[in-house]
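Undergrad: See work_11.pdb below, with PDB, C-alpha atoms.
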```pdb
ATOM      1  CA  MET A 408      -1.184 -13.380  18.199
ATOM      2  CA  ARG A 409      -3.552 -14.524  15.441
ATOM      3  CA  ASP A 410      -4.739 -17.573  13.554
ATOM      4  CA  LEU A 411      -5.443 -17.657   9.829
ATOM      5  CA  ARG A 412      -8.845 -19.349   9.472
ATOM      6  CA  LYS A 413     -10.235 -20.620   6.159
ATOM      7  CA  ASP A 414     -13.884 -20.372   5.157
ATOM      8  CA  TYR A 415     -15.792 -23.695   5.132
ATOM      9  CA  VAL A 416     -15.960 -23.744   1.329
ATOM     10  CA  LEU A 417     -14.436 -20.648  -0.260
ATOM     11  CA  ASP A 418     -10.737 -19.869  -0.642
ATOM     12  CA  LYS A 419     -11.206 -17.019   1.805
ATOM     13  CA  PHE A 420      -9.051 -16.551   4.887
ATOM     14  CA  VAL A 421      -9.680 -14.424   7.967
ATOM     15  CA  LEU A 422      -7.169 -13.372  10.628
ATOM     16  CA  VAL A 423      -8.617 -13.804  14.128
ATOM     17  CA  PRO A 424      -7.017 -13.512  17.589
ATOM     18  CA  ASN A 425      -5.959 -16.893  18.924
ATOM     19  CA  SER A 426      -7.114 -18.146  22.319
ATOM     20  CA  ALA A 427      -3.764 -17.333  23.916
ATOM     21  CA  ALA A 428      -3.781 -13.716  22.764
ATOM     22  CA  ALA A 429      -3.913 -10.982  25.347
ATOM     23  CA  ASP A 430      -6.054  -7.921  24.778
ATOM     24  CA  ILE A 431      -5.072  -6.423  21.455
ATOM     25  CA  ALA A 432      -3.976  -2.810  21.710
ATOM     26  CA  ASP A 433      -6.494  -0.411  20.271
ATOM     27  CA  GLY A 434      -3.959   2.155  19.145
ATOM     28  CA  LYS A 435      -5.079   4.832  21.638
ATOM     29  CA  HIS A 436      -2.222   6.682  23.331
ATOM     30  CA  ASP A 437      -1.833   9.859  25.368
ATOM     31  CA  LYS A 438       1.302  10.554  23.362
ATOM     32  CA  CYS A 439       1.842   9.662  19.723
ATOM     33  CA  PRO A 440       4.284   6.707  19.597
ATOM     34  CA  TYR A 441       5.339   7.655  16.065
ATOM     35  CA  CYS A 442       6.507  11.187  16.914
ATOM     36  CA  PRO A 443      10.200  12.087  17.389
ATOM     37  CA  GLY A 444      11.149  11.828  21.054
ATOM     38  CA  ASN A 445       8.756   8.915  21.652
ATOM     39  CA  GLU A 446      10.876   6.222  19.990
ATOM     40  CA  SER A 447      10.904   4.175  23.220
ATOM     41  CA  MET A 448       7.161   3.566  22.753
ATOM     42  CA  THR A 449       7.811   1.473  19.636
ATOM     43  CA  SER A 450      10.037  -1.447  18.760
ATOM     44  CA  PRO A 451      13.630  -0.488  17.840
ATOM     45  CA  ALA A 452      14.130   0.988  14.382
ATOM     46  CA  LEU A 453      15.082  -1.629  11.823
ATOM     47  CA  LEU A 454      15.804   1.240   9.458
ATOM     48  CA  ALA A 455      16.053   4.951  10.147
ATOM     49  CA  LEU A 456      16.618   7.092   7.092
ATOM     50  CA  VAL A 457      18.628  10.186   8.010
ATOM     51  CA  VAL A 458      19.241  13.049   5.596
ATOM     52  CA  LYS A 459      22.641  14.627   6.270
ATOM     53  CA  ASP A 460      24.387  17.125   3.998
ATOM     54  CA  GLY A 461      22.023  16.178   1.190
ATOM     55  CA  MET A 462      22.921  12.494   1.483
ATOM     56  CA  LEU A 463      20.716   9.628   2.692
ATOM     57  CA  GLN A 464      22.069   7.463   5.496
ATOM     58  CA  ARG A 465      20.467   4.103   6.326
ATOM     59  CA  LEU A 466      20.899   3.562  10.067
ATOM     60  CA  SER A 467      19.227   1.429  12.760
ATOM     61  CA  ASP A 468      18.737   1.507  16.519
ATOM     62  CA  SER A 469      21.010  -0.543  18.769
ATOM     63  CA  GLU A 470      20.834  -1.509  22.443
ATOM     64  CA  ASP A 471      22.727   1.635  23.340
ATOM     65  CA  THR A 472      21.665   4.092  20.655
ATOM     66  CA  VAL A 473      18.336   5.358  19.360
ATOM     67  CA  ILE A 474      18.604   7.219  16.056
ATOM     68  CA  ASP A 475      17.133  10.700  16.171
ATOM     69  CA  ASP A 476      16.739  13.364  13.479
ATOM     70  CA  TRP A 477      15.281  10.681  11.201
ATOM     71  CA  SER A 478      13.328  11.403   8.040
ATOM     72  CA  VAL A 479      11.629   7.995   7.741
ATOM     73  CA  ARG A 480      11.549   5.296  10.436
ATOM     74  CA  VAL A 481      10.712   1.570  10.171
ATOM     75  CA  PHE A 482      10.053  -0.864  13.031
ATOM     76  CA  GLU A 483       8.125  -4.020  13.853
ATOM     77  CA  SER A 484       4.498  -3.383  14.822
ATOM     78  CA  LYS A 485       3.666  -3.865  18.505
ATOM     79  CA  ASN A 486       0.174  -4.981  17.463
ATOM     80  CA  PRO A 487       1.060  -7.205  14.489
ATOM     81  CA  ILE A 488      -1.468  -8.782  12.162
ATOM     82  CA  VAL A 489       1.064 -11.565  11.543
ATOM     83  CA  THR A 490       4.152 -12.581  13.503
ATOM     84  CA  THR A 491       7.289 -14.676  13.079
ATOM     85  CA  THR A 492       6.780 -16.073  16.579
ATOM     86  CA  ALA A 493       3.379 -17.606  15.807
ATOM     87  CA  ALA A 494       2.841 -20.970  17.454
ATOM     88  CA  ALA A 495       2.863 -23.866  14.975
ATOM     89  CA  SER A 496      -0.755 -24.910  15.524
ATOM     90  CA  TYR A 497      -2.967 -26.256  12.737
ATOM     91  CA  SER A 498      -6.512 -27.588  12.668
ATOM     92  CA  ASP A 499      -8.169 -29.850  10.093
ATOM     93  CA  LYS A 500     -11.031 -29.173   7.677
ATOM     94  CA  PRO A 501     -13.816 -28.178   7.790
ATOM     95  CA  LEU A 502     -12.501 -25.950  10.598
ATOM     96  CA  TYR A 503      -9.106 -25.317   9.043
ATOM     97  CA  SER A 504      -6.661 -22.821  10.522
ATOM     98  CA  GLU A 505      -2.933 -22.228  10.393
ATOM     99  CA  PRO A 506      -0.506 -19.862  12.134
ATOM    100  CA  ALA A 507      -0.590 -16.290  10.854
ATOM    101  CA  TYR A 508       3.135 -16.270  10.110
ATOM    102  CA  GLY A 509       4.900 -13.242   8.711
ATOM    103  CA  TYR A 510       6.385  -9.806   9.296
ATOM    104  CA  HIS A 511       4.416  -6.665  10.091
ATOM    105  CA  GLN A 512       6.467  -3.483   9.827
ATOM    106  CA  ILE A 513       5.412   0.143  10.233
ATOM    107  CA  VAL A 514       6.893   2.838   8.000
ATOM    108  CA  VAL A 515       6.549   6.250   9.652
ATOM    109  CA  ALA A 516       6.501   8.518   6.620
ATOM    110  CA  THR A 517       7.471  11.816   8.242
ATOM    111  CA  PRO A 518       8.535  13.181  11.642
ATOM    112  CA  GLU A 519       5.743  15.771  11.344
ATOM    113  CA  HIS A 520       2.656  14.581  13.246
ATOM    114  CA  LYS A 521       0.204  17.040  11.713
ATOM    115  CA  GLN A 522       1.432  16.610   8.156
ATOM    116  CA  THR A 523      -0.707  14.289   6.028
ATOM    117  CA  LEU A 524       0.459  12.030   3.224
ATOM    118  CA  PRO A 525      -1.203  14.352   0.650
ATOM    119  CA  GLN A 526       0.740  17.288   2.151
ATOM    120  CA  MET A 527       4.193  15.675   2.229
ATOM    121  CA  SER A 528       6.860  17.154  -0.025
ATOM    122  CA  VAL A 529       7.919  15.436  -3.227
ATOM    123  CA  GLU A 530      11.371  14.944  -1.674
ATOM    124  CA  GLN A 531       9.874  13.253   1.381
ATOM    125  CA  TRP A 532       7.771  10.972  -0.818
ATOM    126  CA  GLY A 533      10.979  10.011  -2.592
ATOM    127  CA  ASN A 534      12.544   9.093   0.758
ATOM    128  CA  VAL A 535       9.513   6.960   1.676
ATOM    129  CA  LEU A 536       9.597   5.114  -1.655
ATOM    130  CA  VAL A 537      13.325   4.396  -1.249
ATOM    131  CA  VAL A 538      12.612   2.902   2.178
ATOM    132  CA  ILE A 539       9.720   0.797   0.855
ATOM    133  CA  GLN A 540      11.950  -0.525  -1.913
ATOM    134  CA  ASP A 541      14.610  -1.402   0.677
ATOM    135  CA  ARG A 542      12.083  -3.272   2.845
ATOM    136  CA  VAL A 543      10.574  -5.172  -0.094
ATOM    137  CA  ARG A 544      14.005  -6.366  -1.165
ATOM    138  CA  TRP A 545      14.948  -7.471   2.347
ATOM    139  CA  LEU A 546      11.650  -9.179   3.144
ATOM    140  CA  TYR A 547      11.767 -11.300   0.005
ATOM    141  CA  THR A 548      15.055 -12.781   1.232
ATOM    142  CA  GLN A 549      13.329 -14.119   4.348
ATOM    143  CA  LYS A 550      12.044 -17.648   4.905
ATOM    144  CA  SER A 551       8.314 -18.271   4.360
ATOM    145  CA  VAL A 552       7.705 -14.874   2.752
ATOM    146  CA  THR A 553       5.680 -15.494  -0.398
ATOM    147  CA  TYR A 554       4.061 -12.072  -0.707
ATOM    148  CA  VAL A 555       4.786  -8.567   0.596
ATOM    149  CA  SER A 556       1.727  -6.320   0.930
ATOM    150  CA  ILE A 557       1.969  -2.543   1.366
ATOM    151  CA  TYR A 558      -1.026  -0.442   2.322
ATOM    152  CA  VAL A 559      -2.154   2.832   3.880
ATOM    153  CA  ASN A 560      -5.123   3.559   6.130
ATOM    154  CA  SER A 561      -5.481   7.347   6.185
ATOM    155  CA  GLY A 562      -8.149   8.694   8.528
ATOM    156  CA  THR A 563     -10.377   6.878  11.001
ATOM    157  CA  GLY A 564     -12.938   6.287   8.242
ATOM    158  CA  ALA A 565     -10.311   4.220   6.437
ATOM    159  CA  GLY A 566      -9.260   2.193   9.488
ATOM    160  CA  ALA A 567      -6.398   4.292  10.865
ATOM    161  CA  GLN A 568      -5.822   3.924  14.593
ATOM    162  CA  ILE A 569      -2.910   6.359  14.862
ATOM    163  CA  PRO A 570      -3.213   9.634  12.926
ATOM    164  CA  HIS A 571       0.522  10.143  12.385
ATOM    165  CA  PRO A 572       1.221   9.463   8.649
ATOM    166  CA  HIS A 573       2.458   5.906   8.170
ATOM    167  CA  LEU A 574       2.279   2.828   5.952
ATOM    168  CA  ASN A 575       1.956  -0.858   6.829
ATOM    169  CA  ILE A 576       4.067  -3.614   5.308
ATOM    170  CA  VAL A 577       2.700  -7.115   5.990
ATOM    171  CA  THR A 578       4.044 -10.373   4.570
ATOM    172  CA  PHE A 579       2.138 -13.596   3.921
ATOM    173  CA  SER A 580       3.162 -17.184   3.293
ATOM    174  CA  ALA A 581       0.588 -17.393   0.466
ATOM    175  CA  ILE A 582      -0.465 -15.003  -2.285
ATOM    176  CA  PRO A 583      -3.503 -12.906  -1.180
ATOM    177  CA  PRO A 584      -6.773 -13.785  -2.985
ATOM    178  CA  THR A 585      -7.133 -10.456  -4.810
ATOM    179  CA  ILE A 586      -3.592 -10.663  -6.202
ATOM    180  CA  GLU A 587      -4.187 -14.317  -7.126
ATOM    181  CA  LEU A 588      -7.327 -13.395  -9.078
ATOM    182  CA  GLU A 589      -5.598 -10.466 -10.765
ATOM    183  CA  ALA A 590      -2.647 -12.662 -11.737
ATOM    184  CA  GLU A 591      -4.941 -15.404 -13.092
ATOM    185  CA  GLY A 592      -6.874 -12.863 -15.150
ATOM    186  CA  SER A 593      -3.662 -11.318 -16.453
ATOM    187  CA  HIS A 594      -2.237 -14.746 -17.343
ATOM    188  CA  ARG A 595      -5.437 -15.698 -19.181
ATOM    189  CA  PHE A 596      -5.493 -12.400 -21.104
ATOM    190  CA  MET A 597      -1.875 -12.814 -22.182
ATOM    191  CA  ASN A 598      -2.525 -16.365 -23.395
ATOM    192  CA  GLU A 599      -5.545 -15.232 -25.410
ATOM    193  CA  ASN A 600      -4.193 -11.937 -26.756
ATOM    194  CA  GLY A 601      -0.423 -12.199 -26.573
ATOM    195  CA  SER A 602      -0.037  -8.938 -24.652
ATOM    196  CA  CYS A 603      -0.172  -7.581 -21.103
ATOM    197  CA  PRO A 604      -3.689  -6.417 -20.162
ATOM    198  CA  ALA A 605      -2.286  -3.532 -18.119
ATOM    199  CA  CYS A 606      -0.206  -2.295 -21.057
ATOM    200  CA  ASN A 607      -3.373  -2.387 -23.198
ATOM    201  CA  MET A 608      -5.223  -0.547 -20.435
ATOM    202  CA  ILE A 609      -2.530   2.146 -20.281
ATOM    203  CA  SER A 610      -2.728   2.599 -24.061
ATOM    204  CA  VAL A 611      -6.513   3.073 -23.886
ATOM    205  CA  GLU A 612      -6.638   5.296 -20.786
ATOM    206  CA  SER A 613      -3.695   7.550 -21.696
ATOM    207  CA  SER A 614      -5.812   9.347 -24.253
ATOM    208  CA  GLY A 615      -9.252   8.751 -22.766
ATOM    209  CA  PRO A 616     -11.730  10.637 -20.595
ATOM    210  CA  ARG A 617     -10.663   8.811 -17.413
ATOM    211  CA  GLN A 618      -7.058  10.019 -17.391
ATOM    212  CA  ILE A 619      -6.190  12.138 -14.346
ATOM    213  CA  LEU A 620      -2.501  12.901 -14.716
ATOM    214  CA  ALA A 621       0.551  11.734 -16.643
ATOM    215  CA  THR A 622       4.252  12.148 -15.887
ATOM    216  CA  ASP A 623       7.275  10.867 -17.802
ATOM    217  CA  SER A 624       7.016   7.375 -16.308
ATOM    218  CA  PHE A 625       3.548   7.047 -14.748
ATOM    219  CA  LEU A 626      -0.131   7.362 -15.615
ATOM    220  CA  ALA A 627      -2.970   8.031 -13.135
ATOM    221  CA  PHE A 628      -6.548   7.327 -14.173
ATOM    222  CA  CYS A 629      -9.963   6.354 -12.853
ATOM    223  CA  PRO A 630     -10.675   2.742 -13.841
ATOM    224  CA  TRP A 631     -13.517   1.832 -16.190
ATOM    225  CA  ALA A 632     -15.386  -0.107 -13.471
ATOM    226  CA  PRO A 633     -14.371   1.383 -10.096
ATOM    227  CA  THR A 634     -15.503  -0.163  -6.829
ATOM    228  CA  TYR A 635     -15.295   3.147  -4.951
ATOM    229  CA  PRO A 636     -16.335   6.686  -5.926
ATOM    230  CA  TYR A 637     -13.265   8.629  -7.109
ATOM    231  CA  GLU A 638     -11.075   5.517  -7.019
ATOM    232  CA  PHE A 639      -7.931   5.904  -9.107
ATOM    233  CA  TRP A 640      -4.928   3.818 -10.114
ATOM    234  CA  ILE A 641      -1.301   4.737 -10.782
ATOM    235  CA  TYR A 642       0.567   2.570 -13.308
ATOM    236  CA  PRO A 643       4.153   2.660 -14.563
ATOM    237  CA  LYS A 644       4.042   3.211 -18.315
ATOM    238  CA  ARG A 645       6.750   0.646 -19.019
ATOM    239  CA  HIS A 646       5.940  -3.009 -18.512
ATOM    240  CA  ILE A 647       7.467  -4.008 -15.189
ATOM    241  CA  THR A 648       6.342  -6.537 -12.591
ATOM    242  CA  SER A 649       8.853  -5.813  -9.815
ATOM    243  CA  PHE A 650       8.644  -2.646  -7.714
ATOM    244  CA  SER A 651      12.069  -3.388  -6.235
ATOM    245  CA  LYS A 652      13.627  -2.985  -9.693
ATOM    246  CA  ILE A 653      12.371   0.490 -10.553
ATOM    247  CA  THR A 654      15.135   3.048 -11.069
ATOM    248  CA  GLN A 655      15.942   6.103  -8.966
ATOM    249  CA  LYS A 656      14.645   8.278 -11.811
ATOM    250  CA  GLU A 657      11.338   6.385 -11.681
ATOM    251  CA  ILE A 658      11.222   6.746  -7.889
ATOM    252  CA  ASN A 659      11.633  10.519  -8.265
ATOM    253  CA  ASP A 660       8.895  10.595 -10.897
ATOM    254  CA  LEU A 661       6.577   8.445  -8.774
ATOM    255  CA  ALA A 662       7.170  10.740  -5.793
ATOM    256  CA  LEU A 663       5.953  13.661  -7.903
ATOM    257  CA  MET A 664       2.937  11.633  -9.046
ATOM    258  CA  MET A 665       2.048  10.579  -5.475
ATOM    259  CA  ARG A 666       2.245  14.120  -4.153
ATOM    260  CA  ALA A 667       0.250  15.616  -7.027
ATOM    261  CA  THR A 668      -2.536  13.016  -7.088
ATOM    262  CA  LEU A 669      -2.984  12.632  -3.328
ATOM    263  CA  GLY A 670      -2.759  16.378  -2.865
ATOM    264  CA  GLY A 671      -5.283  17.011  -5.622
ATOM    265  CA  MET A 672      -7.613  14.309  -4.294
ATOM    266  CA  SER A 673      -7.415  15.729  -0.779
ATOM    267  CA  LYS A 674      -8.421  19.194  -1.972
ATOM    268  CA  ALA A 675     -11.130  17.986  -4.349
ATOM    269  CA  LEU A 676     -12.678  15.624  -1.775
ATOM    270  CA  LYS A 677     -12.133  17.839   1.281
ATOM    271  CA  ASP A 678      -9.592  15.600   3.066
ATOM    272  CA  ALA A 679     -11.697  12.452   2.723
ATOM    273  CA  PRO A 680     -10.252   9.325   4.389
ATOM    274  CA  PHE A 681      -8.685   6.895   1.956
ATOM    275  CA  ASN A 682      -6.917   3.580   1.585
ATOM    276  CA  MET A 683      -3.966   3.090  -0.705
ATOM    277  CA  VAL A 684      -2.559  -0.301  -1.712
ATOM    278  CA  PHE A 685       0.442  -1.433  -3.735
ATOM    279  CA  HIS A 686      -0.405  -4.327  -6.069
ATOM    280  CA  LEU A 687       2.964  -5.992  -6.625
ATOM    281  CA  SER A 688       3.991  -9.287  -8.174
ATOM    282  CA  PRO A 689       5.474 -11.884  -5.835
ATOM    283  CA  GLU A 690       9.237 -11.641  -6.291
ATOM    284  CA  LYS A 691      10.060 -15.278  -5.631
ATOM    285  CA  LYS A 692       9.870 -17.738  -8.523
ATOM    286  CA  ASN A 693       6.274 -18.324  -9.616
ATOM    287  CA  SER A 694       4.013 -17.705 -12.588
ATOM    288  CA  ARG A 695       1.812 -15.194 -10.783
ATOM    289  CA  GLN A 696       3.058 -11.987 -12.389
ATOM    290  CA  ILE A 697       1.191  -8.706 -12.741
ATOM    291  CA  HIS A 698       2.125  -5.256 -14.041
ATOM    292  CA  TRP A 699       2.662  -3.610 -10.631
ATOM    293  CA  HIS A 700       0.649  -0.534  -9.714
ATOM    294  CA  ILE A 701      -0.919   1.469  -6.893
ATOM    295  CA  GLU A 702      -4.651   1.752  -6.192
ATOM    296  CA  VAL A 703      -6.277   4.531  -4.129
ATOM    297  CA  TYR A 704      -9.755   4.144  -2.605
ATOM    298  CA  PRO A 705     -11.397   7.270  -1.132
ATOM    299  CA  GLN A 706     -13.838   6.248   1.602
ATOM    300  CA  LEU A 707     -16.945   8.357   1.037
ATOM    301  CA  ASN A 708     -19.793   5.863   1.367
ATOM    302  CA  THR A 709     -20.870   2.994   3.594
ATOM    303  CA  TRP A 710     -21.421  -0.314   1.821
ATOM    304  CA  THR A 711     -24.921  -1.783   1.701
ATOM    305  CA  GLY A 712     -26.065  -5.393   1.863
ATOM    306  CA  LEU A 713     -25.595  -5.659  -1.914
ATOM    307  CA  GLU A 714     -21.862  -5.011  -1.640
ATOM    308  CA  ARG A 715     -21.312  -6.921   1.609
ATOM    309  CA  GLY A 716     -23.511  -9.898   0.844
ATOM    310  CA  PHE A 717     -23.181 -10.401  -2.899
ATOM    311  CA  GLY A 718     -20.019  -8.621  -4.039
ATOM    312  CA  VAL A 719     -22.050  -6.430  -6.402
ATOM    313  CA  PHE A 720     -20.875  -2.828  -6.132
ATOM    314  CA  VAL A 721     -22.953   0.284  -6.717
ATOM    315  CA  ASN A 722     -20.966   3.418  -7.581
ATOM    316  CA  ASN A 723     -22.966   6.637  -7.809
ATOM    317  CA  VAL A 724     -20.154   8.638  -9.437
ATOM    318  CA  ARG A 725     -19.290   7.944 -13.077
ATOM    319  CA  PRO A 726     -15.521   7.419 -13.374
ATOM    320  CA  GLU A 727     -15.437   9.878 -16.277
ATOM    321  CA  LYS A 728     -16.895  12.584 -13.987
ATOM    322  CA  ALA A 729     -14.558  11.564 -11.168
ATOM    323  CA  ALA A 730     -11.575  11.856 -13.526
ATOM    324  CA  GLU A 731     -12.713  15.298 -14.633
ATOM    325  CA  ILE A 732     -12.872  16.551 -11.026
ATOM    326  CA  LEU A 733      -9.700  14.811  -9.844
ATOM    327  CA  GLY A 734      -7.806  15.648 -13.032
ATOM    328  CA  SER A 735      -8.464  19.349 -12.668
ATOM    329  CA  ALA A 736      -7.368  19.345  -9.021
ATOM    330  CA  CYS A 737      -4.307  17.159  -9.643
ATOM    331  CA  ARG A 738      -3.076  19.166 -12.630
ATOM    332  CA  LYS A 739      -3.375  22.336 -10.565
ATOM    333  CA  GLU A 740      -1.454  20.648  -7.753
ATOM    334  CA  LEU A 741       1.266  19.479 -10.152
ATOM    335  CA  ALA A 742       1.597  22.967 -11.653
ATOM    336  CA  GLY A 743       2.180  24.396  -8.194
ATOM    337  CA  LEU A 744       4.782  21.740  -7.384
ATOM    338  CA  VAL A 745       6.841  22.331 -10.520
ATOM    339  CA  GLY A 746       6.487  26.119 -10.425
ATOM    340  CA  ILE A 747       4.054  26.646 -13.293
ATOM    341  CA  THR A 748       1.449  29.349 -12.691
TER     342      THR A 748
END
```
Any chance you could put this one into structure tokens?
TA:
Amino acid sequence: MRDLRKDYVLDKFVLVPNSAAADIADGKHDKCPYCPGNESMTSPALLALVVKDGMLQRLSDSEDTVIDDWSVRVFESKNPIVTTTAAASYSDKPLYSEPAYGYHQIVVATPEHKQTLPQMSVEQWGNVLVVIQDRVRWLYTQKSVTYVSIYVNSGTGAGAQIPHPHLNIVTFSAIPPTIELEAEGSHRFMNENGSCPACNMISVESSGPRQILATDSFLAFCPWAPTYPYEFWIYPKRHITSFSKITQKEINDLALMMRATLGGMSKALKDAPFNMVFHLSPEKKNSRQIHWHIEVYPQLNTWTGLERGFGVFVNNVRPEKAAEILGSACRKELAGLVGIT
């Protein structure tokens, strides 16, 4: 469906429709394809998580059976950014392109259409994280998968085409530029200082004015130099590069953190659209390792020519003030979740 085109000079790639592509679906439907009862509108479920008698069952659709009563559902996108059936067509520099090869899976986070990610229960967030961990593990066993990206577009202002709460999982045959830069910077810092820059960052921010919330295993804070107003990051406190290796206890703790921070953000920023991305290390052998984490970008402003043309970002909200506002809302949200009044 798409070609991966490289900039004339920069190591920047853009996914564009190829000449053989039909009209790309715009995501507009009379009925929501992600709602229970409309499973025939999507590809078959690769994984349907069903909660039965307090136990999680990992099931999948077959030719004869469509799984219903699911809690979380995963399937191949019908409008994929990348595809495993991409034609093997390449072009030479300076007009270089290659097939956009990979997997694009949709994770429907809840059967409830009107429920938002910030409103989902802690238990449901735990189910979603278990499914993401399952998909990451499986995808890294597949040929030509170098990197697994996980992201959320919540609200039309953040690029969502279907309002039903869901996440995207997209694989690439190369490490994305932002992860490459982050890994290079981390590698350089470790060589110069003998320690992980993220671990240093956690030590500084855990007692600083930009902290939002802390749980047993995770820390949420507004970064020192945020690109977006009210941007915040969630880091595991222990040094770990692989999301697929976090424990069930850490998944439960992260579920609480996700619900409290997204819920607090939603109330403080009046349901502002947002993007959320998982920054994970590649899990196949390479030196590009980072301390994995999650970044959340509320979408409150439109970029100007300075941001778009020069990569210089203007943020009109001090991160210390953002942390004060978000921290208050998130701590209140957490207190309600754990029954503290």
Undergrad: Kindly give the distance, in Å, that separates CA of Val719 in chain A and CA of Tyr635 in chain A, rounded to a single decimal.
TA: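 Rounded to one decimal, the two atoms are 11.8 Å apart.
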Undergrad: How many Å separate CA of Gln531 in chain A from CA of Ile488 in chain A?
TA: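 These two atoms are separated by 27.0 Å.
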Undergrad: Which residues, named as in the file, does the PyMOL selection byres ((chain A and resi 484) around 8) pick out? Answer as a PDB file with C-alpha atoms, keeping the file's coordinate frame.
TA:
```pdb
ATOM      1  CA  THR A 449       7.811   1.473  19.636  1.00  0.00           C
ATOM      2  CA  SER A 450      10.037  -1.447  18.760  1.00  0.00           C
ATOM      3  CA  PHE A 482      10.053  -0.864  13.031  1.00  0.00           C
ATOM      4  CA  GLU A 483       8.125  -4.020  13.853  1.00  0.00           C
ATOM      5  CA  LYS A 485       3.666  -3.865  18.505  1.00  0.00           C
ATOM      6  CA  ASN A 486       0.174  -4.981  17.463  1.00  0.00           C
ATOM      7  CA  PRO A 487       1.060  -7.205  14.489  1.00  0.00           C
ATOM      8  CA  HIS A 511       4.416  -6.665  10.091  1.00  0.00           C
ATOM      9  CA  GLN A 512       6.467  -3.483   9.827  1.00  0.00           C
ATOM     10  CA  ILE A 513       5.412   0.143  10.233  1.00  0.00           C
TER      11      ILE A 513
END
```
Undergrad: Running the PyMOL selection byres ((chain A and resi 685) around 8) on this model by hand, what would come out? Give it as an mmCIF file with C-alpha atoms, in the frame of the given file.
TA:
```
data_model
loop_
_atom_site.group_PDB
_atom_site.id
_atom_site.type_symbol
_atom_site.label_atom_id
_atom_site.label_comp_id
_atom_site.auth_asym_id
_atom_site.auth_seq_id
_atom_site.Cartn_x
_atom_site.Cartn_y
_atom_site.Cartn_z
ATOM 1 C CA SER A 556 1.727 -6.320 0.930
ATOM 2 C CA ILE A 557 1.969 -2.543 1.366
ATOM 3 C CA TYR A 558 -1.026 -0.442 2.322
ATOM 4 C CA MET A 683 -3.966 3.090 -0.705
ATOM 5 C CA VAL A 684 -2.559 -0.301 -1.712
ATOM 6 C CA HIS A 686 -0.405 -4.327 -6.069
ATOM 7 C CA LEU A 687 2.964 -5.992 -6.625
ATOM 8 C CA TRP A 699 2.662 -3.610 -10.631
ATOM 9 C CA HIS A 700 0.649 -0.534 -9.714
ATOM 10 C CA ILE A 701 -0.919 1.469 -6.893
ATOM 11 C CA GLU A 702 -4.651 1.752 -6.192
#
```
Undergrad: Going by the chain IDs and residue numbers used in this file, which residues fall under the PyMOL selection byres ((chain A and resi 514-518) around 9)? Write them as a VMD selection string.
TA: chain A and resid 441 to 443 476 to 482 512 to 513 519 to 520 522 to 524 527 531 to 532 534 to 535 538 to 539 571 to 576
Undergrad: Those residues with C-alpha atoms, as a JSON list (two decimals), keeping the file's coordinate frame please?
TA:
```
[["chain", "number", "residue", "atom", "x", "y", "z"],
["A", 441, "TYR", "CA", 5.34, 7.66, 16.07],
["A", 442, "CYS", "CA", 6.51, 11.19, 16.91],
["A", 443, "PRO", "CA", 10.20, 12.09, 17.39],
["A", 476, "ASP", "CA", 16.74, 13.36, 13.48],
["A", 477, "TRP", "CA", 15.28, 10.68, 11.20],
["A", 478, "SER", "CA", 13.33, 11.40, 8.04],
["A", 479, "VAL", "CA", 11.63, 8.00, 7.74],
["A", 480, "ARG", "CA", 11.55, 5.30, 10.44],
["A", 481, "VAL", "CA", 10.71, 1.57, 10.17],
["A", 482, "PHE", "CA", 10.05, -0.86, 13.03],
["A", 512, "GLN", "CA", 6.47, -3.48, 9.83],
["A", 513, "ILE", "CA", 5.41, 0.14, 10.23],
["A", 519, "GLU", "CA", 5.74, 15.77, 11.34],
["A", 520, "HIS", "CA", 2.66, 14.58, 13.25],
["A", 522, "GLN", "CA", 1.43, 16.61, 8.16],
["A", 523, "THR", "CA", -0.71, 14.29, 6.03],
["A", 524, "LEU", "CA", 0.46, 12.03, 3.22],
["A", 527, "MET", "CA", 4.19, 15.68, 2.23],
["A", 531, "GLN", "CA", 9.87, 13.25, 1.38],
["A", 532, "TRP", "CA", 7.77, 10.97, -0.82],
["A", 534, "ASN", "CA", 12.54, 9.09, 0.76],
["A", 535, "VAL", "CA", 9.51, 6.96, 1.68],
["A", 538, "VAL", "CA", 12.61, 2.90, 2.18],
["A", 539, "ILE", "CA", 9.72, 0.80, 0.86],
["A", 571, "HIS", "CA", 0.52, 10.14, 12.38],
["A", 572, "PRO", "CA", 1.22, 9.46, 8.65],
["A", 573, "HIS", "CA", 2.46, 5.91, 8.17],
["A", 574, "LEU", "CA", 2.28, 2.83, 5.95],
["A", 575, "ASN", "CA", 1.96, -0.86, 6.83],
["A", 576, "ILE", "CA", 4.07, -3.61, 5.31]]
```
Undergrad: Suppose you want the space between CA of Thr578 in chain A and CA of Lys419 in chain A; what is it in Å?
TA: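 CA of Lys419 in chain A lies 16.9 Å from CA of Thr578 in chain A.
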Undergrad: Check the smallest atom-to-atom distance from each of A:Ser649, A:Gln706, A:Ser580, A:Ser551 to Lys677 in chain A using all atoms listed in the file, then report the winner.
TA: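 Looking only at the distances to Lys677 in chain A, the closest residue turns out to be A:Gln706.
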Undergrad: Go through range 500-577 of chain A and flag each residue having an atom no more than 12 Å from range 723-747 of chain A; for those, report the closest pair of atoms plus their distance in Å to one decimal, using only C-alpha atoms, ordered by chain and rising number, as a tab-separated table.
TA:
```
residue	atom	partner	partner_atom	distance
A:Pro525	CA	A:Glu740	CA	10.5
A:Gln526	CA	A:Glu740	CA	10.7
A:Met527	CA	A:Leu744	CA	11.4
A:Ser528	CA	A:Leu744	CA	8.9
A:Val529	CA	A:Leu744	CA	8.2
A:Glu530	CA	A:Leu744	CA	11.1
```
Undergrad: Would you mind telling me which residue in A:Leu456, A:Leu422, A:Val552, A:Ile619 lies nearest to Pro506 in chain A when using only C-alpha atoms?
TA: A:Leu422
